[in-house]
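*Asks:* For reference, the file model_21.cif (mmCIF, C-alpha atoms) is included below:
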data_run
loop_
_atom_site.group_PDB
_atom_site.id
_atom_site.type_symbol
_atom_site.label_atom_id
_atom_site.label_comp_id
_atom_site.auth_asym_id
_atom_site.auth_seq_id
_atom_site.Cartn_x
_atom_site.Cartn_y
_atom_site.Cartn_z
ATOM 1 C CA MET A 65 32.201 -9.957 -24.965
ATOM 2 C CA HIS A 66 34.853 -11.583 -27.138
ATOM 3 C CA LYS A 67 35.143 -15.151 -25.890
ATOM 4 C CA LEU A 68 36.923 -18.107 -27.439
ATOM 5 C CA THR A 69 35.258 -21.486 -27.684
ATOM 6 C CA ASN A 70 36.877 -24.558 -26.165
ATOM 7 C CA GLN A 71 37.642 -25.704 -29.712
ATOM 8 C CA GLN A 72 39.418 -22.418 -30.530
ATOM 9 C CA ILE A 73 41.510 -22.684 -27.365
ATOM 10 C CA GLU A 74 42.467 -26.251 -28.275
ATOM 11 C CA THR A 75 43.347 -25.143 -31.817
ATOM 12 C CA PHE A 76 45.622 -22.465 -30.358
ATOM 13 C CA ARG A 77 47.334 -25.013 -28.138
ATOM 14 C CA GLN A 78 47.916 -27.324 -31.098
ATOM 15 C CA GLN A 79 48.871 -24.764 -33.762
ATOM 16 C CA GLY A 80 50.210 -21.824 -31.765
ATOM 17 C CA TYR A 81 47.949 -19.220 -33.384
ATOM 18 C CA LEU A 82 44.306 -18.313 -34.042
ATOM 19 C CA GLY A 83 42.477 -15.957 -36.299
ATOM 20 C CA PRO A 84 42.342 -13.672 -37.965
ATOM 21 C CA PHE A 85 39.722 -11.927 -35.873
ATOM 22 C CA GLU A 86 38.231 -8.545 -36.627
ATOM 23 C CA ALA A 87 38.667 -5.980 -33.864
ATOM 24 C CA MET A 88 37.318 -3.094 -35.965
ATOM 25 C CA THR A 89 35.725 -2.623 -39.328
ATOM 26 C CA PRO A 90 37.850 -1.196 -42.165
ATOM 27 C CA ASP A 91 35.848 2.053 -41.903
ATOM 28 C CA GLN A 92 36.613 2.320 -38.185
ATOM 29 C CA MET A 93 40.286 1.557 -38.777
ATOM 30 C CA LEU A 94 40.848 4.022 -41.640
ATOM 31 C CA PRO A 95 41.304 7.213 -39.561
ATOM 32 C CA ILE A 96 43.387 5.289 -37.005
ATOM 33 C CA ARG A 97 45.598 3.894 -39.773
ATOM 34 C CA GLN A 98 46.061 7.364 -41.264
ATOM 35 C CA GLN A 99 47.027 8.811 -37.877
ATOM 36 C CA ILE A 100 49.513 6.001 -37.212
ATOM 37 C CA ILE A 101 51.173 6.446 -40.601
ATOM 38 C CA SER A 102 51.273 10.254 -40.519
ATOM 39 C CA GLU A 103 52.022 10.915 -36.852
ATOM 40 C CA ILE A 104 53.471 7.841 -35.176
ATOM 41 C CA LEU A 105 55.560 5.972 -37.741
ATOM 42 C CA THR A 106 57.101 9.224 -38.980
ATOM 43 C CA SER A 107 58.223 10.328 -35.514
ATOM 44 C CA ALA A 108 61.098 8.961 -33.516
ATOM 45 C CA SER A 109 60.381 6.787 -30.524
ATOM 46 C CA PRO A 110 61.886 8.043 -27.269
ATOM 47 C CA PHE A 111 62.637 4.436 -26.286
ATOM 48 C CA LYS A 112 63.914 2.640 -29.409
ATOM 49 C CA ALA A 113 65.712 3.564 -32.601
ATOM 50 C CA ASP A 114 62.927 1.792 -34.500
ATOM 51 C CA SER A 115 59.783 3.942 -34.838
ATOM 52 C CA GLN A 116 57.705 0.775 -35.332
ATOM 53 C CA GLN A 117 58.522 -0.827 -31.985
ATOM 54 C CA SER A 118 57.104 -0.311 -28.479
ATOM 55 C CA ARG A 119 55.077 2.754 -29.438
ATOM 56 C CA HIS A 120 52.407 1.826 -26.893
ATOM 57 C CA LEU A 121 54.768 3.394 -24.345
ATOM 58 C CA ASP A 122 54.525 6.912 -25.792
ATOM 59 C CA CYS A 123 51.383 6.885 -27.980
ATOM 60 C CA ARG A 124 47.990 6.463 -26.384
ATOM 61 C CA LEU A 125 46.459 5.457 -29.729
ATOM 62 C CA VAL A 126 48.833 2.485 -30.029
ATOM 63 C CA PHE A 127 48.180 1.486 -26.418
ATOM 64 C CA ASP A 128 44.428 1.630 -27.050
ATOM 65 C CA LEU A 129 44.795 -0.593 -30.119
ATOM 66 C CA CYS A 130 46.906 -3.130 -28.221
ATOM 67 C CA SER A 131 44.467 -3.182 -25.310
ATOM 68 C CA HIS A 132 41.303 -3.334 -27.430
ATOM 69 C CA PRO A 133 38.725 -5.668 -25.805
ATOM 70 C CA ALA A 134 38.488 -7.768 -28.982
ATOM 71 C CA ILE A 135 42.161 -8.667 -28.466
ATOM 72 C CA VAL A 136 42.547 -8.721 -24.689
ATOM 73 C CA GLN A 137 39.386 -10.689 -23.934
ATOM 74 C CA ARG A 138 40.385 -13.435 -26.365
ATOM 75 C CA MET A 139 43.907 -13.554 -24.963
ATOM 76 C CA ALA A 140 42.492 -13.806 -21.431
ATOM 77 C CA CYS A 141 40.600 -16.946 -22.493
ATOM 78 C CA ILE A 142 43.989 -18.577 -23.152
ATOM 79 C CA TYR A 143 46.349 -16.962 -20.638
ATOM 80 C CA GLY A 144 44.034 -15.821 -17.835
ATOM 81 C CA PRO A 145 43.041 -12.324 -16.694
ATOM 82 C CA ASP A 146 46.469 -11.082 -15.518
ATOM 83 C CA LEU A 147 47.934 -9.804 -18.789
ATOM 84 C CA LEU A 148 50.760 -7.346 -19.327
ATOM 85 C CA LEU A 149 51.510 -5.451 -22.534
ATOM 86 C CA TRP A 150 55.261 -5.855 -22.833
ATOM 87 C CA ARG A 151 55.955 -4.968 -26.455
ATOM 88 C CA SER A 152 54.219 -3.717 -29.580
ATOM 89 C CA HIS A 153 55.492 -3.733 -33.132
ATOM 90 C CA PHE A 154 54.000 -2.681 -36.458
ATOM 91 C CA LEU A 155 54.568 -4.938 -39.443
ATOM 92 C CA ILE A 156 54.339 -2.811 -42.556
ATOM 93 C CA LYS A 157 52.827 -4.674 -45.488
ATOM 94 C CA SER A 158 53.564 -3.122 -48.842
ATOM 95 C CA GLN A 159 50.695 -2.712 -51.272
ATOM 96 C CA GLY A 160 50.198 -5.783 -53.450
ATOM 97 C CA ARG A 161 52.060 -8.097 -51.076
ATOM 98 C CA LEU A 162 50.332 -11.328 -50.110
ATOM 99 C CA LYS A 163 48.611 -11.512 -46.757
ATOM 100 C CA SER A 164 50.475 -13.350 -44.028
ATOM 101 C CA ARG A 165 49.052 -15.315 -41.124
ATOM 102 C CA GLY A 166 51.504 -13.838 -38.659
ATOM 103 C CA THR A 167 54.095 -15.492 -36.490
ATOM 104 C CA LYS A 168 53.192 -18.331 -34.168
ATOM 105 C CA THR A 169 52.392 -17.242 -30.630
ATOM 106 C CA SER A 170 52.912 -13.575 -31.453
ATOM 107 C CA THR A 171 50.331 -10.852 -31.179
ATOM 108 C CA THR A 172 51.033 -8.268 -33.798
ATOM 109 C CA GLY A 173 49.138 -5.483 -35.482
ATOM 110 C CA ARG A 174 49.292 -5.077 -39.229
ATOM 111 C CA LEU A 175 48.875 -1.904 -41.235
ATOM 112 C CA SER A 176 48.541 -2.180 -44.988
ATOM 113 C CA ARG A 177 49.848 0.729 -47.000
#
Please lay out the structure from this file as structure tokens.
*Replies:*
Amino acid sequence: MHKLTNQQIETFRQQGYLGPFEAMTPDQMLPIRQQIISEILTSASPFKADSQQSRHLDCRLVFDLCSHPAIVQRMACIYGPDLLLWRSHFLIKSQGRLKSRGTKTSTTGRLSR
């Protein structure tokens, strides 16, 4: 179970973000990352012109990442159990670029190339 402490919830309310948290190990993520880069980001989305946006709608792998218990259970601690996945977007980080903390109150996945 991936629960947030009362202090973490308060930190989110004050700062607008939390983390980073690890949903998977780098070894677990490697084949997923390779599949996303080779199969998903190189194919057109049937819904958007941008192949990086809303791919949870047509790619089960992206949906599974977005709905991973390590993410959803923590979000439910803040927002409650009735959650809806409205949008997904990949932020592509070029090799050698500094790590970013993300955007306040956004939930985004990052893939490093």
*Asks:* Quick one: distance from atom CA of Phe127 of chain A to atom CA of Arg151 of chain A in Å, one decimal?
*Replies:* 10.1 Å
*Asks:* Nearest to Phe76 of chain A among A:His153, A:Arg138, A:Leu147, A:Ile104, with distances taken over all atoms listed in the file: which residue is it?
*Replies:* A:Arg138
*Asks:* Find the residues of segment 93-148 of chain A that sit at most 12 Å from segment 79-87 of chain A; for each, write down the nearest two atoms and how far apart they are in Å, to one decimal. Count only C-alpha atoms. Sort by chain, then by number going up, and give it as a Markdown table.
*Replies:*
| residue | atom | partner | partner_atom | distance |
| --- | --- | --- | --- | --- |
| A:Met93 | CA | A:Ala87 | CA | 9.1 |
| A:Asp128 | CA | A:Ala87 | CA | 11.7 |
| A:Leu129 | CA | A:Ala87 | CA | 9.0 |
| A:Cys130 | CA | A:Ala87 | CA | 10.4 |
| A:Ser131 | CA | A:Ala87 | CA | 10.7 |
| A:His132 | CA | A:Ala87 | CA | 7.4 |
| A:Pro133 | CA | A:Ala87 | CA | 8.1 |
| A:Ala134 | CA | A:Ala87 | CA | 5.2 |
| A:Ile135 | CA | A:Ala87 | CA | 7.0 |
| A:Val136 | CA | A:Ala87 | CA | 10.3 |
| A:Gln137 | CA | A:Ala87 | CA | 11.0 |
| A:Arg138 | CA | A:Phe85 | CA | 9.6 |
| A:Met139 | CA | A:Leu82 | CA | 10.3 |
| A:Ile142 | CA | A:Leu82 | CA | 10.9 |
*Asks:* Pick the closest to Leu68 of chain A from A:Leu155, A:Ala140, A:Asp146, A:Arg124: which is it, counting only C-alpha atoms?
*Replies:*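 That would be A:Ala140, the residue with the smallest distance to Leu68 of chain A.
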*Asks:* Which distance in Å separates atom CA of Ser109 of chain A and atom CA of Arg97 of chain A, to one decimal?
*Replies:*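 That distance, rounded to one decimal, is 17.7 Å.
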*Asks:* Is it possible to produce a file of segment 117-145 of chain A from this structure, with N, CA and C atoms, as an mmCIF file, in the first residue's frame?
*Replies:*
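The resulting file, decode09.cif, is reproduced below:
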data_model
loop_
_atom_site.group_PDB
_atom_site.id
_atom_site.type_symbol
_atom_site.label_atom_id
_atom_site.label_comp_id
_atom_site.auth_asym_id
_atom_site.auth_seq_id
_atom_site.Cartn_x
_atom_site.Cartn_y
_atom_site.Cartn_z
ATOM 1 N N GLN A 117 0.952 12.911 -26.275
ATOM 2 C CA GLN A 117 -0.186 13.313 -25.458
ATOM 3 C C GLN A 117 -1.343 12.324 -25.531
ATOM 4 N N SER A 118 -1.949 12.076 -24.390
ATOM 5 C CA SER A 118 -3.174 11.262 -24.262
ATOM 6 C C SER A 118 -3.042 9.852 -24.828
ATOM 7 N N ARG A 119 -1.869 9.276 -24.736
ATOM 8 C CA ARG A 119 -1.662 7.931 -25.282
ATOM 9 C C ARG A 119 -2.263 6.842 -24.400
ATOM 10 N N HIS A 120 -2.712 7.191 -23.204
ATOM 11 C CA HIS A 120 -3.409 6.210 -22.375
ATOM 12 C C HIS A 120 -4.724 5.768 -23.030
ATOM 13 N N LEU A 121 -5.216 6.567 -23.972
ATOM 14 C CA LEU A 121 -6.475 6.239 -24.638
ATOM 15 C C LEU A 121 -6.338 5.113 -25.655
ATOM 16 N N ASP A 122 -5.143 4.962 -26.246
ATOM 17 C CA ASP A 122 -4.966 3.928 -27.267
ATOM 18 C C ASP A 122 -3.858 2.931 -26.962
ATOM 19 N N CYS A 123 -3.129 3.110 -25.873
ATOM 20 C CA CYS A 123 -2.015 2.217 -25.528
ATOM 21 C C CYS A 123 -2.184 1.702 -24.104
ATOM 22 N N ARG A 124 -2.433 0.431 -23.989
ATOM 23 C CA ARG A 124 -2.646 -0.162 -22.670
ATOM 24 C C ARG A 124 -1.433 0.038 -21.750
ATOM 25 N N LEU A 125 -0.236 -0.025 -22.306
ATOM 26 C CA LEU A 125 0.973 0.155 -21.508
ATOM 27 C C LEU A 125 0.987 1.533 -20.835
ATOM 28 N N VAL A 126 0.615 2.562 -21.567
ATOM 29 C CA VAL A 126 0.582 3.917 -21.009
ATOM 30 C C VAL A 126 -0.513 4.013 -19.945
ATOM 31 N N PHE A 127 -1.661 3.437 -20.215
ATOM 32 C CA PHE A 127 -2.735 3.424 -19.214
ATOM 33 C C PHE A 127 -2.270 2.740 -17.935
ATOM 34 N N ASP A 128 -1.598 1.593 -18.084
ATOM 35 C CA ASP A 128 -1.115 0.856 -16.915
ATOM 36 C C ASP A 128 -0.093 1.669 -16.115
ATOM 37 N N LEU A 129 0.761 2.406 -16.803
ATOM 38 C CA LEU A 129 1.711 3.274 -16.100
ATOM 39 C C LEU A 129 0.979 4.366 -15.320
ATOM 40 N N CYS A 130 0.024 5.013 -15.986
ATOM 41 C CA CYS A 130 -0.721 6.107 -15.350
ATOM 42 C C CYS A 130 -1.567 5.628 -14.176
ATOM 43 N N SER A 131 -2.007 4.392 -14.226
ATOM 44 C CA SER A 131 -2.869 3.863 -13.164
ATOM 45 C C SER A 131 -2.120 2.944 -12.206
ATOM 46 N N HIS A 132 -0.801 3.036 -12.205
ATOM 47 C CA HIS A 132 0.021 2.210 -11.309
ATOM 48 C C HIS A 132 -0.359 2.512 -9.849
ATOM 49 N N PRO A 133 -0.501 1.495 -9.012
ATOM 50 C CA PRO A 133 -0.885 1.713 -7.612
ATOM 51 C C PRO A 133 0.021 2.692 -6.862
ATOM 52 N N ALA A 134 1.296 2.720 -7.181
ATOM 53 C CA ALA A 134 2.209 3.650 -6.500
ATOM 54 C C ALA A 134 1.838 5.103 -6.777
ATOM 55 N N ILE A 135 1.160 5.357 -7.883
ATOM 56 C CA ILE A 135 0.712 6.709 -8.221
ATOM 57 C C ILE A 135 -0.709 6.943 -7.704
ATOM 58 N N VAL A 136 -1.613 6.050 -8.073
ATOM 59 C CA VAL A 136 -3.029 6.246 -7.774
ATOM 60 C C VAL A 136 -3.308 6.230 -6.270
ATOM 61 N N GLN A 137 -2.677 5.335 -5.544
ATOM 62 C CA GLN A 137 -2.935 5.269 -4.104
ATOM 63 C C GLN A 137 -2.471 6.535 -3.391
ATOM 64 N N ARG A 138 -1.360 7.093 -3.829
ATOM 65 C CA ARG A 138 -0.901 8.356 -3.223
ATOM 66 C C ARG A 138 -1.832 9.512 -3.592
ATOM 67 N N MET A 139 -2.266 9.534 -4.838
ATOM 68 C CA MET A 139 -3.200 10.591 -5.250
ATOM 69 C C MET A 139 -4.512 10.488 -4.478
ATOM 70 N N ALA A 140 -4.975 9.264 -4.231
ATOM 71 C CA ALA A 140 -6.224 9.068 -3.497
ATOM 72 C C ALA A 140 -6.122 9.591 -2.069
ATOM 73 N N CYS A 141 -4.931 9.587 -1.494
ATOM 74 C CA CYS A 141 -4.737 10.151 -0.152
ATOM 75 C C CYS A 141 -5.027 11.655 -0.139
ATOM 76 N N ILE A 142 -4.825 12.310 -1.262
ATOM 77 C CA ILE A 142 -5.037 13.760 -1.363
ATOM 78 C C ILE A 142 -6.430 14.074 -1.891
ATOM 79 N N TYR A 143 -6.843 13.397 -2.961
ATOM 80 C CA TYR A 143 -8.070 13.762 -3.666
ATOM 81 C C TYR A 143 -9.269 12.872 -3.365
ATOM 82 N N GLY A 144 -9.049 11.742 -2.688
ATOM 83 C CA GLY A 144 -10.131 10.800 -2.442
ATOM 84 C C GLY A 144 -10.110 9.675 -3.457
ATOM 85 N N PRO A 145 -10.975 8.675 -3.276
ATOM 86 C CA PRO A 145 -10.913 7.459 -4.097
ATOM 87 C C PRO A 145 -11.496 7.592 -5.507
#
